[in-house]
>>> print(open('query_28.pdb').read())   # PDB, C-alpha atoms and all ligand atoms
ATOM      1  CA  MET U  30       7.800   7.435  19.957  1.00  0.00           C
ATOM      2  CA  PHE U  31       4.318   6.743  21.291  1.00  0.00           C
ATOM      3  CA  LYS U  32       1.930   8.243  18.753  1.00  0.00           C
ATOM      4  CA  ILE U  33      -1.315   9.823  19.884  1.00  0.00           C
ATOM      5  CA  ILE U  34      -4.216  11.545  18.173  1.00  0.00           C
ATOM      6  CA  ILE U  35      -6.397  13.994  20.095  1.00  0.00           C
ATOM      7  CA  LEU U  36     -10.011  14.579  19.045  1.00  0.00           C
ATOM      8  CA  PHE U  37     -11.874  17.688  20.220  1.00  0.00           C
ATOM      9  CA  SER U  38     -14.984  19.671  19.343  1.00  0.00           C
ATOM     10  CA  GLY U  39     -14.897  22.977  21.205  1.00  0.00           C
ATOM     11  CA  ARG U  40     -12.857  24.887  23.751  1.00  0.00           C
ATOM     12  CA  GLY U  41     -10.025  22.361  23.768  1.00  0.00           C
ATOM     13  CA  SER U  42      -8.824  22.877  27.340  1.00  0.00           C
ATOM     14  CA  ASN U  43      -8.284  19.145  27.906  1.00  0.00           C
ATOM     15  CA  MET U  44      -6.274  18.923  24.706  1.00  0.00           C
ATOM     16  CA  GLU U  45      -4.262  21.918  25.909  1.00  0.00           C
ATOM     17  CA  ALA U  46      -3.570  20.152  29.218  1.00  0.00           C
ATOM     18  CA  ILE U  47      -2.087  17.213  27.312  1.00  0.00           C
ATOM     19  CA  LEU U  48      -0.024  19.438  25.035  1.00  0.00           C
ATOM     20  CA  LYS U  49       1.241  21.488  27.997  1.00  0.00           C
ATOM     21  CA  ALA U  50       2.254  18.348  29.849  1.00  0.00           C
ATOM     22  CA  LYS U  51       4.931  17.669  27.201  1.00  0.00           C
ATOM     23  CA  ILE U  52       4.917  13.986  28.066  1.00  0.00           C
ATOM     24  CA  PRO U  53       8.290  12.393  27.271  1.00  0.00           C
ATOM     25  CA  LYS U  54       8.325  10.083  24.252  1.00  0.00           C
ATOM     26  CA  VAL U  55       4.725  10.998  23.355  1.00  0.00           C
ATOM     27  CA  LYS U  56       4.226  12.496  19.910  1.00  0.00           C
ATOM     28  CA  VAL U  57       0.929  14.137  19.007  1.00  0.00           C
ATOM     29  CA  ILE U  58       0.643  13.124  15.367  1.00  0.00           C
ATOM     30  CA  ALA U  59      -2.685  14.886  14.777  1.00  0.00           C
ATOM     31  CA  CYS U  60      -5.370  16.935  16.472  1.00  0.00           C
ATOM     32  CA  ILE U  61      -8.704  16.313  14.810  1.00  0.00           C
ATOM     33  CA  THR U  62     -11.852  18.366  15.202  1.00  0.00           C
ATOM     34  CA  ASP U  63     -15.343  17.955  13.804  1.00  0.00           C
ATOM     35  CA  ASN U  64     -15.980  21.686  14.161  1.00  0.00           C
ATOM     36  CA  SER U  65     -14.244  24.315  12.039  1.00  0.00           C
ATOM     37  CA  GLN U  66     -15.341  26.987  14.550  1.00  0.00           C
ATOM     38  CA  ALA U  67     -13.830  25.202  17.563  1.00  0.00           C
ATOM     39  CA  LYS U  68     -11.878  27.499  19.875  1.00  0.00           C
ATOM     40  CA  GLY U  69      -9.370  24.703  20.375  1.00  0.00           C
ATOM     41  CA  ILE U  70      -8.091  25.210  16.822  1.00  0.00           C
ATOM     42  CA  ASP U  71      -6.079  28.201  18.066  1.00  0.00           C
ATOM     43  CA  ILE U  72      -4.471  26.007  20.709  1.00  0.00           C
ATOM     44  CA  VAL U  73      -3.384  23.492  18.063  1.00  0.00           C
ATOM     45  CA  GLY U  74      -1.759  26.396  16.227  1.00  0.00           C
ATOM     46  CA  GLN U  75      -0.014  27.680  19.355  1.00  0.00           C
ATOM     47  CA  PHE U  76       1.553  24.277  19.921  1.00  0.00           C
ATOM     48  CA  ARG U  77       2.283  23.853  16.198  1.00  0.00           C
ATOM     49  CA  LYS U  78       0.630  20.459  15.941  1.00  0.00           C
ATOM     50  CA  PRO U  79      -0.904  19.017  12.783  1.00  0.00           C
ATOM     51  CA  LEU U  80      -4.610  19.880  12.574  1.00  0.00           C
ATOM     52  CA  LEU U  81      -7.281  18.025  10.661  1.00  0.00           C
ATOM     53  CA  ILE U  82     -10.790  19.411  10.382  1.00  0.00           C
ATOM     54  CA  ILE U  83     -13.226  16.661   9.510  1.00  0.00           C
ATOM     55  CA  GLU U  84     -16.691  18.163   9.529  1.00  0.00           C
ATOM     56  CA  GLN U  85     -19.918  16.399   8.730  1.00  0.00           C
ATOM     57  CA  GLY U  86     -21.328  19.288   6.676  1.00  0.00           C
ATOM     58  CA  THR U  87     -23.807  17.899   4.184  1.00  0.00           C
ATOM     59  CA  LYS U  88     -22.486  14.336   4.457  1.00  0.00           C
ATOM     60  CA  THR U  89     -24.543  11.595   6.025  1.00  0.00           C
ATOM     61  CA  LYS U  90     -23.442  10.303   9.406  1.00  0.00           C
ATOM     62  CA  GLU U  91     -22.340   7.051   7.727  1.00  0.00           C
ATOM     63  CA  VAL U  92     -20.141   8.838   5.197  1.00  0.00           C
ATOM     64  CA  TYR U  93     -18.708  11.044   7.926  1.00  0.00           C
ATOM     65  CA  ASN U  94     -17.911   8.099  10.163  1.00  0.00           C
ATOM     66  CA  ALA U  95     -16.288   6.196   7.287  1.00  0.00           C
ATOM     67  CA  GLU U  96     -14.085   9.204   6.531  1.00  0.00           C
ATOM     68  CA  LEU U  97     -13.083   9.530  10.170  1.00  0.00           C
ATOM     69  CA  PHE U  98     -12.396   5.798  10.429  1.00  0.00           C
ATOM     70  CA  HIS U  99     -10.243   5.838   7.284  1.00  0.00           C
ATOM     71  CA  THR U 100      -8.239   8.804   8.601  1.00  0.00           C
ATOM     72  CA  LEU U 101      -7.644   7.207  11.989  1.00  0.00           C
ATOM     73  CA  LYS U 102      -6.589   3.888  10.460  1.00  0.00           C
ATOM     74  CA  THR U 103      -4.230   5.617   8.041  1.00  0.00           C
ATOM     75  CA  LEU U 104      -2.579   7.609  10.833  1.00  0.00           C
ATOM     76  CA  ASN U 105      -2.212   4.393  12.844  1.00  0.00           C
ATOM     77  CA  PRO U 106      -1.882   5.879  16.364  1.00  0.00           C
ATOM     78  CA  ASP U 107      -0.891   3.995  19.497  1.00  0.00           C
ATOM     79  CA  LEU U 108      -3.624   5.857  21.368  1.00  0.00           C
ATOM     80  CA  ILE U 109      -6.658   7.979  20.495  1.00  0.00           C
ATOM     81  CA  VAL U 110      -7.679  10.519  23.125  1.00  0.00           C
ATOM     82  CA  LEU U 111     -11.192  11.925  23.055  1.00  0.00           C
ATOM     83  CA  ALA U 112     -10.793  15.293  24.766  1.00  0.00           C
ATOM     84  CA  GLY U 113     -14.201  16.925  24.587  1.00  0.00           C
ATOM     85  CA  PHE U 114     -15.119  15.236  21.295  1.00  0.00           C
ATOM     86  CA  MET U 115     -18.875  15.629  21.176  1.00  0.00           C
ATOM     87  CA  ARG U 116     -19.714  12.857  18.721  1.00  0.00           C
ATOM     88  CA  ILE U 117     -20.480   9.251  19.493  1.00  0.00           C
ATOM     89  CA  LEU U 118     -17.795   7.039  17.958  1.00  0.00           C
ATOM     90  CA  PRO U 119     -19.374   4.319  15.815  1.00  0.00           C
ATOM     91  CA  ALA U 120     -19.029   0.679  16.803  1.00  0.00           C
ATOM     92  CA  ASP U 121     -16.515  -0.216  14.068  1.00  0.00           C
ATOM     93  CA  ILE U 122     -14.074   2.458  15.251  1.00  0.00           C
ATOM     94  CA  CYS U 123     -14.547   1.415  18.893  1.00  0.00           C
ATOM     95  CA  ASP U 124     -13.881  -2.216  17.978  1.00  0.00           C
ATOM     96  CA  TYR U 125     -10.871  -1.525  15.763  1.00  0.00           C
ATOM     97  CA  PHE U 126      -9.219   0.625  18.432  1.00  0.00           C
ATOM     98  CA  TYR U 127     -10.336  -1.517  21.376  1.00  0.00           C
ATOM     99  CA  GLY U 128      -7.930  -0.802  24.231  1.00  0.00           C
ATOM    100  CA  LYS U 129      -6.385   2.082  22.311  1.00  0.00           C
ATOM    101  CA  CYS U 130      -8.991   4.787  22.777  1.00  0.00           C
ATOM    102  CA  ILE U 131      -9.726   6.778  25.938  1.00  0.00           C
ATOM    103  CA  ASN U 132     -12.194   9.531  26.840  1.00  0.00           C
ATOM    104  CA  ILE U 133     -12.532  12.137  29.567  1.00  0.00           C
ATOM    105  CA  HIS U 134     -16.020  12.342  31.038  1.00  0.00           C
ATOM    106  CA  PRO U 135     -17.174  14.964  33.564  1.00  0.00           C
ATOM    107  CA  SER U 136     -18.704  12.658  36.166  1.00  0.00           C
ATOM    108  CA  LEU U 137     -17.750   9.796  38.423  1.00  0.00           C
ATOM    109  CA  LEU U 138     -18.774   7.015  36.068  1.00  0.00           C
ATOM    110  CA  PRO U 139     -20.893   4.928  36.077  1.00  0.00           C
ATOM    111  CA  ASN U 140     -22.867   7.863  37.504  1.00  0.00           C
ATOM    112  CA  HIS U 141     -24.270  10.352  35.015  1.00  0.00           C
ATOM    113  CA  LYS U 142     -23.383   9.030  31.595  1.00  0.00           C
ATOM    114  CA  GLY U 143     -24.188  11.415  28.742  1.00  0.00           C
ATOM    115  CA  LEU U 144     -24.679  15.173  28.935  1.00  0.00           C
ATOM    116  CA  HIS U 145     -25.484  17.770  31.649  1.00  0.00           C
ATOM    117  CA  THR U 146     -23.604  15.825  34.272  1.00  0.00           C
ATOM    118  CA  HIS U 147     -23.101  18.707  36.726  1.00  0.00           C
ATOM    119  CA  LYS U 148     -26.783  19.608  36.709  1.00  0.00           C
ATOM    120  CA  ARG U 149     -27.739  15.999  37.287  1.00  0.00           C
ATOM    121  CA  ALA U 150     -25.225  15.573  40.104  1.00  0.00           C
ATOM    122  CA  LEU U 151     -26.764  18.589  41.882  1.00  0.00           C
ATOM    123  CA  GLU U 152     -30.349  17.478  41.257  1.00  0.00           C
ATOM    124  CA  ASN U 153     -29.489  14.040  42.539  1.00  0.00           C
ATOM    125  CA  GLY U 154     -28.041  15.457  45.743  1.00  0.00           C
ATOM    126  CA  ASP U 155     -24.714  13.724  45.139  1.00  0.00           C
ATOM    127  CA  LYS U 156     -22.202  14.133  47.926  1.00  0.00           C
ATOM    128  CA  PHE U 157     -19.334  13.565  45.501  1.00  0.00           C
ATOM    129  CA  HIS U 158     -18.890  14.410  41.856  1.00  0.00           C
ATOM    130  CA  GLY U 159     -15.858  14.481  39.588  1.00  0.00           C
ATOM    131  CA  ALA U 160     -14.284  13.271  36.381  1.00  0.00           C
ATOM    132  CA  THR U 161     -13.334   9.922  34.880  1.00  0.00           C
ATOM    133  CA  VAL U 162     -10.883   8.812  32.230  1.00  0.00           C
ATOM    134  CA  HIS U 163     -12.189   5.591  30.746  1.00  0.00           C
ATOM    135  CA  PHE U 164     -11.621   3.271  27.832  1.00  0.00           C
ATOM    136  CA  VAL U 165     -13.976   3.829  24.931  1.00  0.00           C
ATOM    137  CA  THR U 166     -16.158   0.896  24.004  1.00  0.00           C
ATOM    138  CA  LYS U 167     -19.394   0.571  22.054  1.00  0.00           C
ATOM    139  CA  GLU U 168     -21.423   1.392  25.166  1.00  0.00           C
ATOM    140  CA  LEU U 169     -21.674   5.180  25.476  1.00  0.00           C
ATOM    141  CA  ASP U 170     -19.563   6.335  28.446  1.00  0.00           C
ATOM    142  CA  GLY U 171     -19.661   2.708  29.532  1.00  0.00           C
ATOM    143  CA  GLY U 172     -16.090   1.490  29.012  1.00  0.00           C
ATOM    144  CA  PRO U 173     -13.940   0.537  32.009  1.00  0.00           C
ATOM    145  CA  PRO U 174     -12.689   3.487  34.087  1.00  0.00           C
ATOM    146  CA  ILE U 175      -8.927   4.074  34.288  1.00  0.00           C
ATOM    147  CA  LEU U 176      -8.598   7.086  36.577  1.00  0.00           C
ATOM    148  CA  GLN U 177     -11.078   9.150  38.568  1.00  0.00           C
ATOM    149  CA  TYR U 178     -10.883  12.551  40.257  1.00  0.00           C
ATOM    150  CA  PRO U 179     -13.520  12.920  42.959  1.00  0.00           C
ATOM    151  CA  ILE U 180     -14.484  16.208  44.612  1.00  0.00           C
ATOM    152  CA  PRO U 181     -16.987  16.855  47.401  1.00  0.00           C
ATOM    153  CA  VAL U 182     -20.113  18.726  46.333  1.00  0.00           C
ATOM    154  CA  ARG U 183     -20.568  21.873  48.430  1.00  0.00           C
ATOM    155  CA  GLU U 184     -23.917  23.160  49.621  1.00  0.00           C
ATOM    156  CA  ASP U 185     -23.535  26.383  47.670  1.00  0.00           C
ATOM    157  CA  ASP U 186     -22.307  24.721  44.475  1.00  0.00           C
ATOM    158  CA  THR U 187     -23.947  25.686  41.197  1.00  0.00           C
ATOM    159  CA  GLU U 188     -23.566  23.966  37.851  1.00  0.00           C
ATOM    160  CA  GLU U 189     -20.889  26.520  37.000  1.00  0.00           C
ATOM    161  CA  THR U 190     -18.796  26.194  40.171  1.00  0.00           C
ATOM    162  CA  LEU U 191     -18.991  22.435  39.966  1.00  0.00           C
ATOM    163  CA  ALA U 192     -17.986  22.417  36.299  1.00  0.00           C
ATOM    164  CA  GLU U 193     -15.043  24.675  37.107  1.00  0.00           C
ATOM    165  CA  ARG U 194     -13.723  22.441  39.894  1.00  0.00           C
ATOM    166  CA  VAL U 195     -14.286  19.234  37.945  1.00  0.00           C
ATOM    167  CA  LEU U 196     -12.406  20.717  34.986  1.00  0.00           C
ATOM    168  CA  VAL U 197      -9.345  21.270  37.184  1.00  0.00           C
ATOM    169  CA  GLY U 198      -9.409  17.529  37.836  1.00  0.00           C
ATOM    170  CA  GLU U 199      -9.946  16.666  34.180  1.00  0.00           C
ATOM    171  CA  HIS U 200      -6.789  18.560  33.332  1.00  0.00           C
ATOM    172  CA  LYS U 201      -4.869  16.456  35.838  1.00  0.00           C
ATOM    173  CA  ILE U 202      -6.114  12.951  35.146  1.00  0.00           C
ATOM    174  CA  LEU U 203      -6.243  13.061  31.345  1.00  0.00           C
ATOM    175  CA  PRO U 204      -2.525  13.854  30.811  1.00  0.00           C
ATOM    176  CA  LEU U 205      -1.694  11.435  33.611  1.00  0.00           C
ATOM    177  CA  ALA U 206      -3.630   8.649  31.881  1.00  0.00           C
ATOM    178  CA  VAL U 207      -1.809   9.376  28.609  1.00  0.00           C
ATOM    179  CA  LYS U 208       1.497   9.213  30.451  1.00  0.00           C
ATOM    180  CA  LEU U 209       0.681   5.925  32.186  1.00  0.00           C
ATOM    181  CA  PHE U 210      -0.604   4.460  28.958  1.00  0.00           C
ATOM    182  CA  SER U 211       2.482   5.528  26.997  1.00  0.00           C
ATOM    183  CA  LYS U 212       4.694   3.747  29.510  1.00  0.00           C
ATOM    184  CA  GLY U 213       2.808   0.534  28.896  1.00  0.00           C
ATOM    185  CA  GLY U 214       1.327   0.583  32.378  1.00  0.00           C
ATOM    186  CA  ILE U 215      -2.310   0.284  31.350  1.00  0.00           C
ATOM    187  CA  THR U 216      -3.891  -2.402  29.214  1.00  0.00           C
ATOM    188  CA  LEU U 217      -7.467  -3.370  28.488  1.00  0.00           C
ATOM    189  CA  ARG U 218      -8.068  -7.098  28.311  1.00  0.00           C
ATOM    190  CA  ASP U 219     -11.457  -8.818  28.167  1.00  0.00           C
ATOM    191  CA  GLY U 220     -13.149  -5.733  29.586  1.00  0.00           C
ATOM    192  CA  MET U 221     -10.727  -5.404  32.489  1.00  0.00           C
ATOM    193  CA  VAL U 222      -8.142  -2.689  33.057  1.00  0.00           C
ATOM    194  CA  LEU U 223      -4.766  -4.206  33.914  1.00  0.00           C
ATOM    195  CA  VAL U 224      -2.263  -1.950  35.643  1.00  0.00           C
ATOM    196  CA  ASP U 225       1.414  -2.879  35.495  1.00  0.00           C
ATOM    197  CA  PHE U 226       3.017  -0.873  38.277  1.00  0.00           C
ATOM    198  CA  GLY U 227       6.422  -2.180  37.263  1.00  0.00           C
ATOM    199  CA  ALA U 228       6.042  -0.301  33.995  1.00  0.00           C
ATOM    200  CA  ILE U 229       5.286   2.920  35.835  1.00  0.00           C
ATOM    201  CA  PRO U 230       8.369   3.756  37.883  1.00  0.00           C
ATOM    202  CA  VAL U 231       7.553   7.449  38.206  1.00  0.00           C
ATOM    203  CA  VAL U 232       4.050   8.893  37.931  1.00  0.00           C
TER
HETATM  204  C1  LIG L   1     -15.073  18.602  29.258  1.00  0.00           C
HETATM  205  O1  LIG L   1     -15.767  18.860  30.431  1.00  0.00           O
HETATM  206  C2  LIG L   1     -15.149  17.136  28.919  1.00  0.00           C
HETATM  207  O2  LIG L   1     -15.115  16.314  30.030  1.00  0.00           O
HETATM  208  C3  LIG L   1     -16.497  17.064  28.248  1.00  0.00           C
HETATM  209  O3  LIG L   1     -16.581  18.236  27.468  1.00  0.00           O
HETATM  210  C4  LIG L   1     -15.757  19.226  28.055  1.00  0.00           C
HETATM  211  C5  LIG L   1     -14.786  19.651  27.016  1.00  0.00           C
HETATM  212  O4  LIG L   1     -13.989  20.719  27.455  1.00  0.00           O
HETATM  213  N1  LIG L   1     -16.655  15.851  27.494  1.00  0.00           N
HETATM  214  P1  LIG L   1     -12.699  21.135  26.655  1.00  0.00           P
HETATM  215  O5  LIG L   1     -13.091  21.272  25.186  1.00  0.00           O
HETATM  216  O6  LIG L   1     -11.652  20.082  26.847  1.00  0.00           O
HETATM  217  O7  LIG L   1     -12.288  22.452  27.242  1.00  0.00           O
END
>>> encode(input="query_28.pdb", output="structure tokens")
Amino acid sequence: MFKIIILFSGRGSNMEAILKAKIPKVKVIACITDNSQAKGIDIVGQFRKPLLIIEQGTKTKEVYNAELFHTLKTLNPDLIVLAGFMRILPADICDYFYGKCINIHPSLLPNHKGLHTHKRALENGDKFHGATVHFVTKELDGGPPILQYPIPVREDDTEETLAERVLVGEHKILPLAVKLFSKGGITLRDGMVLVDFGAIPVV
């Protein structure tokens, strides 16, 4: 089995999209949240997956990160999926899991790294906006893109309508990336994404 861990902080709809996809030969060995109030916790329960709540609480960031790192290493996943995980992964975790950690970001990277992406796309007058699945590296939202889902920005779009339509795309490309990855079709080498189409007979 191809073992994955999903990290989330809030609503958990991207995690739900992965769980719903029931990807063959992919086993979700843990869903980890940094927020004991996260709505996504109910979803983990519905799908009967193992849940770990690792909150910072009164700990320092360093202690928190060390605890998270230890947990991830112990679980030894084939892939870590950041699905709305609102913390910045420290450099040692990014390095240790280089090529084994992906994130969903609500913009067409490299445009609009960071937060408030829909607002910034509108303010910038972007003609296209969307979502990106990318490898996680030390550079925030800066790792190589794997899949993108572009949508045209409409004249009457608001932050909310844009977020809604981008989310539809997020729910498509994140499970798809997990599926491709689990089939051995995607590798990160020296900062480049290699796609082995021979390993991906059916998408
Ligand atoms: C998504 O838009 C994701 O791209 C961003 O945060 C949001 C999380 O949504 N990083 P959800 O928790 O997956 O519903």
>>> resolve_selection(input="query_28.pdb", expression="the PyMOL selection byres (((not hetatm)) within 6 of (chain L and resi 1))", output="count of residues only")
12
>>> atom_distance(input="query_28.pdb", atom1="atom CA of U:Arg77", atom2="atom CA of U:Val197")
24.1 Å
>>> resolve_selection(input="query_28.pdb", expression="the PyMOL selection byres (((chain U and resi 79-85) around 6) and not hetatm)", output="PyMOL selection string")
chain U and resi 59-64+78+86+88+93
>>> closest_residue(input="query_28.pdb", among="U:Arg218, U:Glu168, U:Ser136, U:Pro174", to="U:Glu199", atoms="all atoms listed in the file")
U:Ser136
>>> atom_distance(input="query_28.pdb", atom1="atom CA of U:Cys123", atom2="atom CA of U:Leu169")
10.4 Å
>>> closest_residue(input="query_28.pdb", among="U:Thr166, U:Asn153, U:Thr216, U:Thr146", to="U:Leu191", atoms="only C-alpha atoms")
U:Thr146
>>> resolve_selection(input="query_28.pdb", expression="the PyMOL selection byres (((chain U and resi 213) around 9) and not hetatm)", output="list in words")
Lys208, Leu209, Phe210, Ser211, Lys212, Gly214, Ile215, Thr216, Val224, Asp225, Ala228 and Ile229 of chain U
>>> decode(input="query_28.pdb", residues="stretch 108-132 of chain U", atoms="C-alpha atoms", output="PDB file, in the first residue's frame")
ATOM      1  CA  LEU U 108       3.530  11.041   0.801  1.00  0.00           C
ATOM      2  CA  ILE U 109       2.454  13.949   3.004  1.00  0.00           C
ATOM      3  CA  VAL U 110      -0.452  16.004   1.683  1.00  0.00           C
ATOM      4  CA  LEU U 111      -0.986  19.502   3.023  1.00  0.00           C
ATOM      5  CA  ALA U 112      -4.707  20.055   2.493  1.00  0.00           C
ATOM      6  CA  GLY U 113      -5.445  23.453   3.985  1.00  0.00           C
ATOM      7  CA  PHE U 114      -2.725  23.162   6.639  1.00  0.00           C
ATOM      8  CA  MET U 115      -2.247  26.744   7.740  1.00  0.00           C
ATOM      9  CA  ARG U 116       1.227  26.474   9.250  1.00  0.00           C
ATOM     10  CA  ILE U 117       4.535  26.949   7.514  1.00  0.00           C
ATOM     11  CA  LEU U 118       6.461  23.671   7.561  1.00  0.00           C
ATOM     12  CA  PRO U 119       9.956  24.201   8.973  1.00  0.00           C
ATOM     13  CA  ALA U 120      12.995  23.678   6.774  1.00  0.00           C
ATOM     14  CA  ASP U 121      14.074  20.392   8.398  1.00  0.00           C
ATOM     15  CA  ILE U 122      10.712  18.764   7.652  1.00  0.00           C
ATOM     16  CA  CYS U 123      10.741  20.118   4.082  1.00  0.00           C
ATOM     17  CA  ASP U 124      14.249  18.748   3.551  1.00  0.00           C
ATOM     18  CA  TYR U 125      13.592  15.349   5.117  1.00  0.00           C
ATOM     19  CA  PHE U 126      10.462  14.825   3.018  1.00  0.00           C
ATOM     20  CA  TYR U 127      11.856  16.447  -0.134  1.00  0.00           C
ATOM     21  CA  GLY U 128       9.850  15.074  -3.056  1.00  0.00           C
ATOM     22  CA  LYS U 129       7.377  13.436  -0.691  1.00  0.00           C
ATOM     23  CA  CYS U 130       5.280  16.397   0.385  1.00  0.00           C
ATOM     24  CA  ILE U 131       2.672  18.261  -1.670  1.00  0.00           C
ATOM     25  CA  ASN U 132       0.376  21.223  -1.008  1.00  0.00           C
TER      26      ASN U 132
END
